[in-house]
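Everything below belongs to model-v8.cif, which stores mmCIF, C-alpha atoms.
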data_entry
loop_
_atom_site.label_atom_id
_atom_site.label_comp_id
_atom_site.auth_asym_id
_atom_site.auth_seq_id
_atom_site.Cartn_x
_atom_site.Cartn_y
_atom_site.Cartn_z
CA MET A 8 -74.43 -11.75 -18.19
CA VAL A 9 -77.82 -12.40 -19.79
CA PHE A 10 -76.28 -11.68 -23.18
CA TRP A 11 -73.58 -14.33 -22.79
CA GLY A 12 -76.20 -16.74 -21.53
CA VAL A 13 -78.17 -16.19 -24.74
CA VAL A 14 -74.98 -16.62 -26.79
CA ALA A 15 -74.22 -19.91 -25.04
CA GLY A 16 -77.79 -21.06 -25.61
CA VAL A 17 -77.58 -20.25 -29.32
CA GLU A 18 -74.22 -22.01 -29.49
CA LEU A 19 -75.63 -25.09 -27.78
CA LEU A 20 -78.88 -25.33 -29.71
CA ILE A 21 -78.30 -23.75 -33.09
CA PHE A 22 -75.00 -22.89 -34.62
CA PRO A 23 -72.17 -25.21 -33.77
CA GLY A 24 -74.73 -27.08 -31.65
CA LEU A 25 -77.58 -29.52 -32.13
CA PHE A 26 -79.29 -28.00 -35.18
CA PHE A 27 -76.05 -27.56 -37.12
CA ILE A 28 -74.80 -31.04 -36.24
CA PHE A 29 -78.13 -32.58 -37.28
CA TRP A 30 -78.05 -31.01 -40.73
CA LEU A 31 -74.32 -31.61 -41.12
CA ALA A 32 -74.92 -35.30 -40.34
CA LEU A 33 -77.59 -35.53 -43.05
CA PHE A 34 -75.34 -33.66 -45.48
CA TYR A 35 -72.42 -36.00 -44.76
CA GLN A 36 -74.65 -39.00 -45.34
CA TRP A 37 -75.63 -37.52 -48.70
CA ALA A 38 -72.02 -36.74 -49.62
CA ASP A 39 -70.91 -40.22 -48.58
CA ARG A 40 -73.66 -41.93 -50.60
CA LYS A 41 -73.14 -39.70 -53.62
CA PHE A 42 -69.36 -40.16 -53.69
CA HIS A 43 -69.71 -43.91 -53.12
CA ALA A 44 -72.18 -44.07 -56.01
CA LYS A 45 -69.98 -41.98 -58.34
CA LEU A 46 -67.04 -44.30 -57.74
CA GLN A 47 -69.24 -47.24 -58.69
CA THR A 48 -70.55 -45.35 -61.76
CA ARG A 49 -74.05 -45.12 -60.33
CA TYR A 50 -76.08 -41.95 -59.77
CA GLY A 51 -76.82 -42.18 -56.04
CA PRO A 52 -79.65 -40.16 -54.49
CA LEU A 53 -81.25 -38.11 -57.26
CA HIS A 54 -84.87 -37.05 -56.87
CA ILE A 55 -85.56 -35.11 -53.67
CA GLY A 56 -83.93 -31.68 -53.64
CA ALA A 57 -81.12 -30.57 -55.93
CA LYS A 58 -79.10 -33.70 -56.81
CA GLY A 59 -80.94 -35.63 -54.10
CA LEU A 60 -79.64 -33.40 -51.33
CA TYR A 61 -82.76 -33.86 -49.15
CA GLN A 62 -82.89 -37.64 -49.59
CA PRO A 63 -81.37 -38.41 -46.14
CA PHE A 64 -83.90 -36.06 -44.50
CA ALA A 65 -86.74 -37.68 -46.43
CA ASP A 66 -85.54 -41.11 -45.31
CA PHE A 67 -85.40 -39.88 -41.73
CA VAL A 68 -88.94 -38.47 -41.80
CA LYS A 69 -90.26 -41.60 -43.50
CA LEU A 70 -88.75 -43.82 -40.82
CA LEU A 71 -90.19 -41.59 -38.08
CA GLY A 72 -93.68 -42.20 -39.46
CA LYS A 73 -93.33 -45.99 -39.77
CA GLU A 74 -94.74 -48.46 -37.28
CA ASP A 75 -92.47 -49.08 -34.33
CA ILE A 76 -92.48 -52.76 -33.41
CA VAL A 77 -91.08 -54.15 -30.18
CA PRO A 78 -90.69 -57.94 -30.36
CA LYS A 79 -92.49 -59.82 -27.58
CA ALA A 80 -89.28 -61.48 -26.41
CA ALA A 81 -87.23 -58.28 -26.43
CA ASP A 82 -86.06 -56.59 -23.26
CA ARG A 83 -88.20 -53.46 -23.45
CA PHE A 84 -85.93 -51.32 -21.27
CA LEU A 85 -82.69 -52.03 -23.15
CA PHE A 86 -84.51 -51.89 -26.48
CA THR A 87 -85.68 -48.33 -25.72
CA LEU A 88 -82.58 -47.16 -23.86
CA ALA A 89 -80.10 -48.10 -26.57
CA PRO A 90 -81.40 -45.92 -29.46
CA ILE A 91 -81.85 -42.90 -27.18
CA MET A 92 -78.38 -43.18 -25.64
CA LEU A 93 -76.85 -43.93 -29.03
CA LEU A 94 -78.22 -40.60 -30.21
CA VAL A 95 -77.18 -38.71 -27.07
CA LEU A 96 -73.57 -39.92 -26.87
CA PRO A 97 -72.30 -38.79 -30.31
CA PHE A 98 -74.08 -35.45 -29.81
CA THR A 99 -72.29 -35.06 -26.47
CA ALA A 100 -68.98 -36.02 -28.01
CA MET A 101 -69.43 -33.39 -30.74
CA PHE A 102 -69.27 -30.66 -28.08
CA LEU A 103 -65.77 -31.78 -27.08
CA VAL A 104 -64.39 -31.33 -30.61
CA PRO A 105 -63.69 -27.84 -31.97
CA THR A 106 -66.01 -27.41 -34.96
CA VAL A 107 -66.68 -23.71 -35.46
CA PRO A 108 -65.89 -22.01 -32.14
CA ILE A 109 -67.82 -18.73 -31.91
CA HIS A 110 -67.00 -16.60 -28.90
CA SER A 111 -64.19 -18.60 -27.34
CA ASN A 112 -61.58 -20.13 -29.62
CA VAL A 113 -61.95 -23.65 -28.19
CA ALA A 114 -64.69 -26.28 -28.35
CA PHE A 115 -67.96 -25.65 -26.52
CA ALA A 116 -67.25 -28.04 -23.64
CA ALA A 117 -63.44 -28.15 -23.82
CA PHE A 118 -61.50 -28.96 -20.66
CA GLU A 119 -58.10 -30.48 -19.91
CA GLY A 120 -58.51 -34.25 -20.30
CA ASP A 121 -61.40 -34.29 -22.76
CA ILE A 122 -59.59 -36.55 -25.26
CA VAL A 123 -59.73 -39.31 -22.63
CA VAL A 124 -63.46 -38.72 -22.20
CA MET A 125 -63.73 -38.90 -26.00
CA ILE A 126 -62.09 -42.36 -26.03
CA PHE A 127 -64.50 -43.40 -23.27
CA ILE A 128 -67.53 -42.18 -25.25
CA LEU A 129 -66.33 -44.03 -28.37
CA THR A 130 -66.09 -47.23 -26.32
CA MET A 131 -69.49 -46.63 -24.73
CA ILE A 132 -71.11 -46.26 -28.17
CA ALA A 133 -69.94 -49.75 -29.12
CA ALA A 134 -70.97 -51.15 -25.72
CA LEU A 135 -74.46 -49.67 -26.15
CA LYS A 136 -74.74 -51.26 -29.57
CA PHE A 137 -74.02 -54.58 -27.89
CA LEU A 138 -76.74 -53.85 -25.29
CA ALA A 139 -79.14 -53.07 -28.14
CA ALA A 140 -78.28 -56.39 -29.78
CA TRP A 141 -78.61 -58.33 -26.55
CA GLY A 142 -81.88 -56.59 -25.68
CA SER A 143 -83.55 -57.57 -28.97
CA THR A 144 -83.25 -61.32 -28.23
CA ASN A 145 -82.84 -62.22 -31.85
CA ARG A 146 -80.26 -64.65 -33.15
CA PHE A 147 -79.00 -62.36 -35.90
CA SER A 148 -78.81 -59.45 -33.47
CA THR A 149 -76.96 -61.45 -30.85
CA VAL A 150 -74.44 -62.77 -33.36
CA GLY A 151 -74.00 -59.21 -34.68
CA GLY A 152 -73.44 -57.89 -31.16
CA VAL A 153 -70.89 -60.58 -30.37
CA ARG A 154 -68.99 -59.77 -33.56
CA LEU A 155 -69.14 -56.09 -32.66
CA ILE A 156 -67.49 -56.67 -29.30
CA LEU A 157 -64.88 -58.94 -30.87
CA GLN A 158 -64.11 -56.14 -33.32
CA LEU A 159 -64.13 -53.53 -30.54
CA ILE A 160 -61.39 -55.23 -28.52
CA GLY A 161 -59.35 -55.31 -31.73
CA TYR A 162 -59.47 -51.65 -32.72
CA GLU A 163 -60.06 -49.89 -29.40
CA ILE A 164 -56.52 -50.08 -28.04
CA PRO A 165 -54.66 -48.87 -31.20
CA LEU A 166 -57.17 -46.01 -31.52
CA ALA A 167 -56.67 -44.91 -27.91
CA VAL A 168 -52.89 -45.21 -28.25
CA VAL A 169 -52.64 -43.05 -31.39
CA LEU A 170 -55.06 -40.42 -30.04
CA LEU A 171 -52.98 -40.19 -26.86
CA SER A 172 -49.73 -40.08 -28.87
CA ALA A 173 -51.05 -36.88 -30.46
CA GLY A 174 -51.51 -35.67 -26.89
CA MET A 175 -47.91 -36.66 -26.07
CA ILE A 176 -46.27 -34.67 -28.86
CA THR A 177 -48.32 -31.54 -28.08
CA SER A 178 -48.15 -32.12 -24.29
CA SER A 179 -51.85 -31.57 -23.80
CA LEU A 180 -54.89 -33.78 -23.20
CA SER A 181 -57.45 -31.34 -24.57
CA ILE A 182 -58.58 -31.77 -28.17
CA SER A 183 -58.82 -28.02 -28.78
CA THR A 184 -55.31 -27.37 -27.45
CA ILE A 185 -53.92 -30.27 -29.50
CA ALA A 186 -55.51 -28.77 -32.63
CA GLN A 187 -54.14 -25.29 -31.89
CA ARG A 188 -50.60 -26.58 -31.30
CA MET A 189 -50.76 -28.73 -34.46
CA ASP A 190 -51.62 -25.58 -36.37
CA ALA A 191 -48.87 -23.54 -34.69
CA GLU A 192 -46.18 -26.17 -35.40
CA PRO A 193 -47.09 -28.24 -38.47
CA LEU A 194 -43.89 -30.29 -38.07
CA LYS A 195 -45.63 -32.13 -35.22
CA ALA A 196 -48.39 -33.23 -37.57
CA ILE A 197 -45.83 -34.72 -39.97
CA PHE A 198 -44.53 -37.08 -37.28
CA LEU A 199 -48.13 -38.19 -36.70
CA VAL A 200 -48.83 -39.40 -40.26
CA PRO A 201 -48.68 -43.13 -39.26
CA GLY A 202 -51.05 -42.28 -36.41
CA LEU A 203 -53.41 -40.56 -38.84
CA SER A 204 -53.64 -43.64 -41.03
CA ILE A 205 -54.16 -45.92 -38.01
CA ALA A 206 -56.90 -43.61 -36.74
CA ILE A 207 -58.69 -43.68 -40.09
CA ILE A 208 -58.53 -47.50 -40.17
CA CYS A 209 -59.81 -47.73 -36.59
CA PHE A 210 -62.66 -45.35 -37.32
CA LEU A 211 -63.62 -47.47 -40.34
CA ALA A 212 -64.03 -50.30 -37.83
CA GLU A 213 -65.84 -48.08 -35.33
CA LEU A 214 -68.30 -46.91 -38.00
CA GLU A 215 -68.72 -50.47 -39.36
CA LYS A 216 -67.75 -49.32 -42.85
CA VAL A 217 -66.95 -51.89 -45.49
CA PRO A 218 -63.66 -53.62 -44.80
CA PHE A 219 -64.86 -53.98 -41.21
CA ASP A 220 -68.64 -54.27 -41.59
CA ILE A 221 -68.53 -57.71 -39.98
CA PRO A 222 -71.14 -56.83 -37.28
CA GLY A 223 -73.71 -55.92 -39.93
CA ALA A 224 -72.75 -58.23 -42.80
CA GLU A 225 -76.05 -58.38 -44.67
CA GLN A 226 -75.25 -61.54 -46.64
CA GLU A 227 -74.79 -63.46 -43.41
CA ILE A 228 -76.80 -61.92 -40.57
CA VAL A 229 -79.48 -59.64 -42.15
CA ALA A 230 -78.67 -56.26 -40.54
CA GLY A 231 -76.56 -57.49 -37.66
CA TRP A 232 -77.19 -55.87 -34.32
CA GLN A 233 -79.96 -53.59 -35.63
CA THR A 234 -82.08 -56.33 -37.25
CA GLU A 235 -85.08 -55.99 -34.89
CA PHE A 236 -85.26 -52.19 -34.89
CA SER A 237 -87.93 -50.42 -36.91
CA GLY A 238 -89.75 -47.08 -37.11
CA ARG A 239 -88.62 -44.33 -34.76
CA ARG A 240 -85.93 -46.43 -33.12
CA LEU A 241 -84.36 -47.25 -36.50
CA ALA A 242 -84.54 -43.57 -37.48
CA PHE A 243 -82.61 -42.72 -34.32
CA LEU A 244 -80.03 -45.42 -35.02
CA ARG A 245 -79.53 -44.18 -38.59
CA LEU A 246 -79.14 -40.59 -37.42
CA SER A 247 -76.76 -41.75 -34.71
CA SER A 248 -74.53 -43.49 -37.25
CA ASP A 249 -74.51 -40.33 -39.38
CA ILE A 250 -73.48 -38.23 -36.40
CA GLU A 251 -70.78 -40.79 -35.67
CA LEU A 252 -69.51 -40.24 -39.21
CA VAL A 253 -69.39 -36.47 -38.56
CA LEU A 254 -67.69 -37.14 -35.22
CA ALA A 255 -65.08 -39.37 -36.82
CA SER A 256 -64.15 -36.89 -39.55
CA THR A 257 -64.18 -33.91 -37.19
CA LEU A 258 -62.13 -35.69 -34.54
CA ILE A 259 -59.50 -36.91 -37.02
CA ALA A 260 -59.35 -33.42 -38.55
CA ALA A 261 -58.96 -31.83 -35.11
CA VAL A 262 -56.41 -34.20 -33.60
CA PHE A 263 -54.16 -34.83 -36.61
CA LEU A 264 -54.79 -31.97 -39.03
CA GLY A 265 -55.29 -28.93 -36.81
CA GLY A 266 -59.09 -28.77 -36.95
CA PRO A 267 -60.64 -25.37 -37.60
CA TYR A 268 -57.37 -23.52 -37.00
CA GLY A 269 -55.27 -22.52 -39.96
CA PRO A 270 -53.73 -19.61 -41.85
CA THR A 271 -56.20 -16.77 -42.11
CA LEU A 272 -56.51 -13.41 -43.83
CA SER A 273 -56.79 -10.28 -41.71
CA TYR A 274 -59.85 -8.81 -43.43
CA ILE A 275 -62.17 -11.80 -43.05
CA PRO A 276 -63.76 -12.57 -39.66
CA ILE A 277 -61.95 -15.29 -37.72
CA GLU A 278 -65.15 -17.34 -37.31
CA PHE A 279 -65.53 -17.50 -41.08
CA SER A 280 -61.96 -18.77 -41.43
CA TYR A 281 -62.69 -21.40 -38.73
CA PHE A 282 -65.73 -22.50 -40.69
CA ILE A 283 -63.82 -22.78 -43.99
CA TRP A 284 -60.91 -24.73 -42.50
CA PHE A 285 -63.19 -26.99 -40.48
CA PHE A 286 -65.31 -27.71 -43.53
CA ILE A 287 -62.37 -28.43 -45.84
CA LYS A 288 -60.42 -30.66 -43.44
CA ALA A 289 -63.37 -32.67 -42.12
CA PHE A 290 -64.75 -33.09 -45.63
CA VAL A 291 -61.44 -34.42 -46.94
CA VAL A 292 -61.39 -36.98 -44.13
CA LEU A 293 -64.98 -37.93 -44.97
CA LEU A 294 -64.05 -38.47 -48.63
CA VAL A 295 -61.08 -40.64 -47.61
CA ILE A 296 -63.37 -42.79 -45.41
CA SER A 297 -65.90 -42.99 -48.26
CA TYR A 298 -63.17 -43.95 -50.74
CA MET A 299 -61.79 -46.67 -48.46
CA ARG A 300 -65.23 -48.23 -48.04
CA THR A 301 -65.65 -48.34 -51.79
CA ILE A 302 -62.36 -49.95 -52.77
CA PHE A 303 -62.25 -52.74 -50.18
CA ALA A 304 -64.14 -55.97 -49.67
CA ARG A 305 -65.15 -57.30 -46.27
CA PHE A 306 -62.54 -59.05 -44.13
CA ARG A 307 -63.28 -62.38 -42.52
CA ILE A 308 -63.54 -62.23 -38.74
CA ASP A 309 -60.23 -63.97 -38.12
CA GLN A 310 -58.49 -61.76 -40.70
CA MET A 311 -59.80 -58.65 -38.96
CA ILE A 312 -58.67 -59.81 -35.50
CA GLN A 313 -55.25 -60.85 -36.80
CA PHE A 314 -54.84 -57.58 -38.66
CA ALA A 315 -55.83 -55.55 -35.61
CA TRP A 316 -53.59 -57.32 -33.13
CA ARG A 317 -50.65 -58.12 -35.40
CA TYR A 318 -50.30 -54.91 -37.41
CA LEU A 319 -52.43 -52.05 -36.01
CA MET A 320 -51.37 -52.68 -32.44
CA VAL A 321 -47.66 -52.94 -33.28
CA THR A 322 -47.74 -49.89 -35.56
CA SER A 323 -49.46 -47.80 -32.91
CA ILE A 324 -46.80 -48.75 -30.34
CA LEU A 325 -44.10 -47.89 -32.92
CA GLN A 326 -45.83 -44.52 -33.39
CA VAL A 327 -45.52 -43.86 -29.66
CA MET A 328 -41.83 -44.85 -29.77
CA LEU A 329 -41.30 -42.49 -32.71
CA ILE A 330 -42.95 -39.65 -30.80
CA GLN A 331 -40.87 -40.35 -27.70
CA GLY A 332 -37.72 -40.50 -29.81
CA VAL A 333 -38.53 -37.22 -31.52
CA LEU A 334 -39.27 -35.59 -28.18
CA ALA A 335 -36.05 -36.96 -26.66
CA ALA A 336 -34.00 -35.74 -29.63
CA GLY A 337 -35.64 -32.34 -29.28
CA TRP A 338 -36.71 -32.08 -32.93
CA VAL A 339 -40.04 -30.44 -32.14
CA MET B 18 -74.10 -26.54 -2.16
CA ALA B 19 -71.06 -28.77 -2.48
CA PRO B 20 -71.79 -31.03 0.55
CA ALA B 21 -75.36 -31.62 -0.67
CA LEU B 22 -74.00 -32.64 -4.09
CA ASN B 23 -71.45 -34.93 -2.45
CA VAL B 24 -74.12 -36.64 -0.33
CA LEU B 25 -76.33 -37.05 -3.39
CA LEU B 26 -73.50 -38.58 -5.41
CA VAL B 27 -72.57 -40.93 -2.56
CA CYS B 28 -76.21 -42.08 -2.38
CA VAL B 29 -76.30 -42.64 -6.15
CA ILE B 30 -73.00 -44.56 -6.10
CA THR B 31 -74.16 -46.74 -3.19
CA THR B 32 -77.49 -47.49 -4.88
CA PHE B 33 -75.81 -48.52 -8.12
CA ALA B 34 -73.25 -50.62 -6.22
CA ILE B 35 -75.99 -52.49 -4.36
CA LEU B 36 -77.98 -52.96 -7.58
CA THR B 37 -74.87 -54.33 -9.30
CA VAL B 38 -74.63 -57.11 -6.74
CA VAL B 39 -78.36 -57.76 -6.34
CA VAL B 40 -79.76 -57.99 -9.89
CA LYS B 41 -80.04 -61.46 -11.41
CA ASP B 42 -79.46 -60.56 -15.07
CA LEU B 43 -75.76 -60.35 -15.95
CA ILE B 44 -76.20 -57.63 -18.52
CA TYR B 45 -78.05 -55.41 -16.03
CA ALA B 46 -75.37 -56.02 -13.42
CA MET B 47 -72.84 -54.82 -15.97
CA LEU B 48 -74.98 -51.80 -16.84
CA PHE B 49 -75.26 -50.78 -13.18
CA PHE B 50 -71.52 -51.32 -12.73
CA ALA B 51 -70.89 -48.95 -15.64
CA LEU B 52 -73.28 -46.37 -14.15
CA MET B 53 -71.56 -46.72 -10.78
CA SER B 54 -68.15 -46.12 -12.37
CA VAL B 55 -69.46 -43.06 -14.19
CA SER B 56 -70.88 -41.71 -10.93
CA ILE B 57 -67.55 -42.27 -9.18
CA GLY B 58 -65.92 -40.36 -12.04
CA GLY B 59 -68.38 -37.53 -11.44
CA PHE B 60 -67.54 -37.67 -7.73
CA TYR B 61 -63.83 -37.23 -8.47
CA PHE B 62 -64.73 -34.35 -10.73
CA VAL B 63 -66.67 -32.65 -7.93
CA LEU B 64 -63.63 -33.18 -5.68
CA LYS B 65 -61.59 -31.14 -8.23
CA ALA B 66 -59.48 -34.08 -9.45
CA PRO B 67 -60.29 -34.01 -13.19
CA TYR B 68 -57.44 -36.30 -14.28
CA VAL B 69 -58.44 -39.01 -11.80
CA ALA B 70 -62.02 -38.56 -13.04
CA VAL B 71 -61.22 -38.98 -16.73
CA PHE B 72 -58.97 -41.99 -16.13
CA GLN B 73 -61.61 -43.52 -13.86
CA LEU B 74 -63.99 -43.17 -16.81
CA LEU B 75 -61.49 -44.61 -19.29
CA ILE B 76 -60.32 -47.60 -17.25
CA TYR B 77 -63.36 -48.64 -15.22
CA ALA B 78 -66.33 -47.43 -17.24
CA GLY B 79 -64.53 -48.09 -20.53
CA ALA B 80 -62.02 -50.93 -20.47
CA VAL B 81 -63.36 -53.01 -17.55
CA VAL B 82 -66.92 -52.81 -18.88
CA VAL B 83 -65.73 -54.02 -22.29
CA LEU B 84 -63.95 -56.97 -20.66
CA LEU B 85 -67.16 -57.75 -18.75
CA LEU B 86 -69.08 -57.54 -22.03
CA VAL B 87 -66.69 -60.06 -23.57
CA THR B 88 -67.39 -62.34 -20.62
CA VAL B 89 -71.16 -61.91 -20.91
CA MET B 90 -70.91 -62.60 -24.63
CA LEU B 91 -69.50 -66.06 -23.85
CA THR B 92 -72.62 -67.00 -21.85
CA THR B 93 -75.79 -68.23 -23.56
CA LYS B 94 -79.22 -66.70 -23.48
CA GLU B 95 -82.61 -68.33 -24.02
CA VAL B 96 -83.85 -67.39 -27.47
CA SER B 97 -87.57 -66.61 -27.67
CA GLY B 98 -89.96 -69.47 -28.22
CA GLU B 99 -87.27 -72.09 -28.41
CA THR B 100 -85.45 -74.22 -25.92
CA SER B 101 -82.00 -74.44 -27.40
#
How would this structure read if it were set down as structure tokens?
Amino acid sequence: MVFWGVVAGVELLIFPGLFFIFWLALFYQWADRKFHAKLQTRYGPLHIGAKGLYQPFADFVKLLGKEDIVPKAADRFLFTLAPIMLLVLPFTAMFLVPTVPIHSNVAFAAFEGDIVVMIFILTMIAALKFLAAWGSTNRFSTVGGVRLILQLIGYEIPLAVVLLSAGMITSSLSISTIAQRMDAEPLKAIFLVPGLSIAIICFLAELEKVPFDIPGAEQEIVAGWQTEFSGRRLAFLRLSSDIELVLASTLIAAVFLGGPYGPTLSYIPIEFSYFIWFFIKAFVVLLVISYMRTIFARFRIDQMIQFAWRYLMVTSILQVMLIQGVLAAGWV
Amino acid sequence: MAPALNVLLVCVITTFAILTVVVKDLIYAMLFFALMSVSIGGFYFVLKAPYVAVFQLLIYAGAVVVLLLVTVMLTTKEVSGETS
């Protein structure tokens, strides 16, 4: 009893939990920056650690030590609440996704229906960013927040529809079960390829990466919704966006690519195989996201809205029709 | 155990509901509405109806709050130090 309590504590705090996610987030930021730089024939982070590996951590510590300014006109409560909740929500969401399951073979907080909670958390993250923008009472922030919400109502529905279509074909609403069934029957994953591409596009918008970085367009509105943040609060926001990047790659890997489950060899421990598969799949998704943000230029606002409602929306509905057709024909 | 939790949740839900109606600031009203919806979701969860709970979260705390945000976004706010 006590032993399993200790195991759960270690799982929560250290290994697939907070400590691991924190360092993974910093590592992903490094990998993203390095890959982005390589594609642009730059060097990227270079000096701190081997090949600049500790640069994100150094940035984080530096920001923690900087002066933390709250503008006089800002709403103190929202201005403090938003960075804290923006850090808490992606951490919470990470426990719903199977990363490296240790003693059970599902995610730490898996239950039937957690993919719906995941969609809710993804929406809440964007809503909290709007609260942060509104609470700072700055023109750039407010404009950034308004753009963010405009973007949110564009990409939220297609994202929810494709995530739930993965649930339809595997007849489960739990991310861990979806991942296990994807691994057991890879044919199901093939019918979800349009959904995979839609999900990657929607997560580019969720993460405010380049073709959809309208809410933080620095040539127009300084830093968008996070213009007024500095010091500790900005450090939290940066870390939160890194964890969101981890969340996006892990979630896409789990729902569409089978997550940590995959073919394994009998003489290596199953946890090690989980770790390898999780690392490979999530990292490939990260590189795809990084590549997309390098090759595109920013959309105008009207282009983004038109694209989301005219193409993403329709394609996601077609994906659901494809799934229903496949299920009706009994192909999977 | 369970009745005490139920009573606590009902008190929390009622408080948030009253706050939603009473506060002057639109954004706070929306925030309290979101918290109330989340608490109702928790209440369903305690009542062993997890699917109702997750869809309560998705529809009310997710979609309806976003629609309210879009509405709030169309209002104007006094910017510091200036009378627009």
Output the residue selection produced by the PyMOL selection byres ((chain A) within 7 of (chain B)) on the file above, formatted as a list in words.
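Checked against the file, the PyMOL selection byres ((chain A) within 7 of (chain B)) matches Ala80, Gly120, Val123, Val124, Phe127, Thr130, Met131, Ala134, Thr144, Asn145, Val153 and Ile156 of chain A.
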Please evaluate the PyMOL selection byres ((chain A and resi 96) around 10) against the displayed coordinates and give the resulting residues as a PyMOL selection string.
chain A and resi 91-95+97-101+125+128-129+131-132+135+247+250-251
Residues selected by the PyMOL selection byres ((chain A and resi 278-288) around 12), written as a PyMOL selection string:
chain A and resi 22-23+31+34-35+104-114+186-187+190+253+255-277+289-295
Atoms kept (C-alpha atoms) for selection, written as a compact mmCIF listing (two decimals), keeping the file's coordinate frame:
# COMPACT_ATOMS: atom_id res chain seq x y z
CA PHE A 22 -75.00 -22.89 -34.62
CA PRO A 23 -72.17 -25.21 -33.77
CA LEU A 31 -74.32 -31.61 -41.12
CA PHE A 34 -75.34 -33.66 -45.48
CA TYR A 35 -72.42 -36.00 -44.76
CA VAL A 104 -64.39 -31.33 -30.61
CA PRO A 105 -63.69 -27.84 -31.97
CA THR A 106 -66.01 -27.41 -34.96
CA VAL A 107 -66.68 -23.71 -35.46
CA PRO A 108 -65.89 -22.01 -32.14
CA ILE A 109 -67.82 -18.73 -31.91
CA HIS A 110 -67.00 -16.60 -28.90
CA SER A 111 -64.19 -18.60 -27.34
CA ASN A 112 -61.58 -20.13 -29.62
CA VAL A 113 -61.95 -23.65 -28.19
CA ALA A 114 -64.69 -26.28 -28.35
CA ALA A 186 -55.51 -28.77 -32.63
CA GLN A 187 -54.14 -25.29 -31.89
CA ASP A 190 -51.62 -25.58 -36.37
CA VAL A 253 -69.39 -36.47 -38.56
CA ALA A 255 -65.08 -39.37 -36.82
CA SER A 256 -64.15 -36.89 -39.55
CA THR A 257 -64.18 -33.91 -37.19
CA LEU A 258 -62.13 -35.69 -34.54
CA ILE A 259 -59.50 -36.91 -37.02
CA ALA A 260 -59.35 -33.42 -38.55
CA ALA A 261 -58.96 -31.83 -35.11
CA VAL A 262 -56.41 -34.20 -33.60
CA PHE A 263 -54.16 -34.83 -36.61
CA LEU A 264 -54.79 -31.97 -39.03
CA GLY A 265 -55.29 -28.93 -36.81
CA GLY A 266 -59.09 -28.77 -36.95
CA PRO A 267 -60.64 -25.37 -37.60
CA TYR A 268 -57.37 -23.52 -37.00
CA GLY A 269 -55.27 -22.52 -39.96
CA PRO A 270 -53.73 -19.61 -41.85
CA THR A 271 -56.20 -16.77 -42.11
CA LEU A 272 -56.51 -13.41 -43.83
CA SER A 273 -56.79 -10.28 -41.71
CA TYR A 274 -59.85 -8.81 -43.43
CA ILE A 275 -62.17 -11.80 -43.05
CA PRO A 276 -63.76 -12.57 -39.66
CA ILE A 277 -61.95 -15.29 -37.72
CA ALA A 289 -63.37 -32.67 -42.12
CA PHE A 290 -64.75 -33.09 -45.63
CA VAL A 291 -61.44 -34.42 -46.94
CA VAL A 292 -61.39 -36.98 -44.13
CA LEU A 293 -64.98 -37.93 -44.97
CA LEU A 294 -64.05 -38.47 -48.63
CA VAL A 295 -61.08 -40.64 -47.61
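If you look at CA of Met53 in chain B and CA of Ala34 in chain B, they are 6.2 Å away from each other.
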Looking at A:Trp30, A:Met328, A:Ala335, A:Asp220, which one is nearest to Phe67 in chain A, with distances taken over all atoms listed in the file?
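Of A:Trp30, A:Met328, A:Ala335, A:Asp220, the one nearest Phe67 in chain A is A:Trp30, counting all atoms listed in the file.
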Give me, please, the distance in Å between CA of Leu194 in chain A and CA of Trp316 in chain A, quoted to one decimal.
29.1 Å
Report as a CSV table (one decimal) with C-alpha atoms, in the coordinates of the input all protein, DNA and RNA residues lying within 10 Å of Pro78 in chain A, evaluated on only C-alpha atoms, omitting residues in the same chain fewer than 3 positions from it.
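Here's the written file part18.csv:
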chain,number,residue,atom,x,y,z
A,75,ASP,CA,-92.5,-49.1,-34.3
A,81,ALA,CA,-87.2,-58.3,-26.4
A,82,ASP,CA,-86.1,-56.6,-23.3
A,83,ARG,CA,-88.2,-53.5,-23.4
A,86,PHE,CA,-84.5,-51.9,-26.5
A,143,SER,CA,-83.6,-57.6,-29.0
A,144,THR,CA,-83.2,-61.3,-28.2
A,145,ASN,CA,-82.8,-62.2,-31.8
A,235,GLU,CA,-85.1,-56.0,-34.9
A,236,PHE,CA,-85.3,-52.2,-34.9
B,97,SER,CA,-87.6,-66.6,-27.7
At a cut-off of 10 Å from (-71.3, -32.9, -7.7) in the coordinates of the file, what residues are picked up using all atoms listed in the file, written as a list of chain:residue names?
B:Met18, B:Ala19, B:Pro20, B:Ala21, B:Leu22, B:Asn23, B:Val24, B:Leu25, B:Leu26, B:Val27, B:Ser56, B:Gly59, B:Phe60, B:Tyr61, B:Phe62, B:Val63, B:Leu64, B:Lys65
Dump as a PyMOL selection string all residues having an atom at most 12 Å from (-90.8, -40.1, -31.9), computed in the file's coordinates with all atoms listed in the file.
chain A and resi 67-75+87+90-91+237-243
Pick from A:Ala167, A:Ala116, A:Leu214, A:Ala139 nearest to Leu85 in chain A, counting only C-alpha atoms
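Counting only C-alpha atoms, the residue closest to Leu85 in chain A is A:Ala139.
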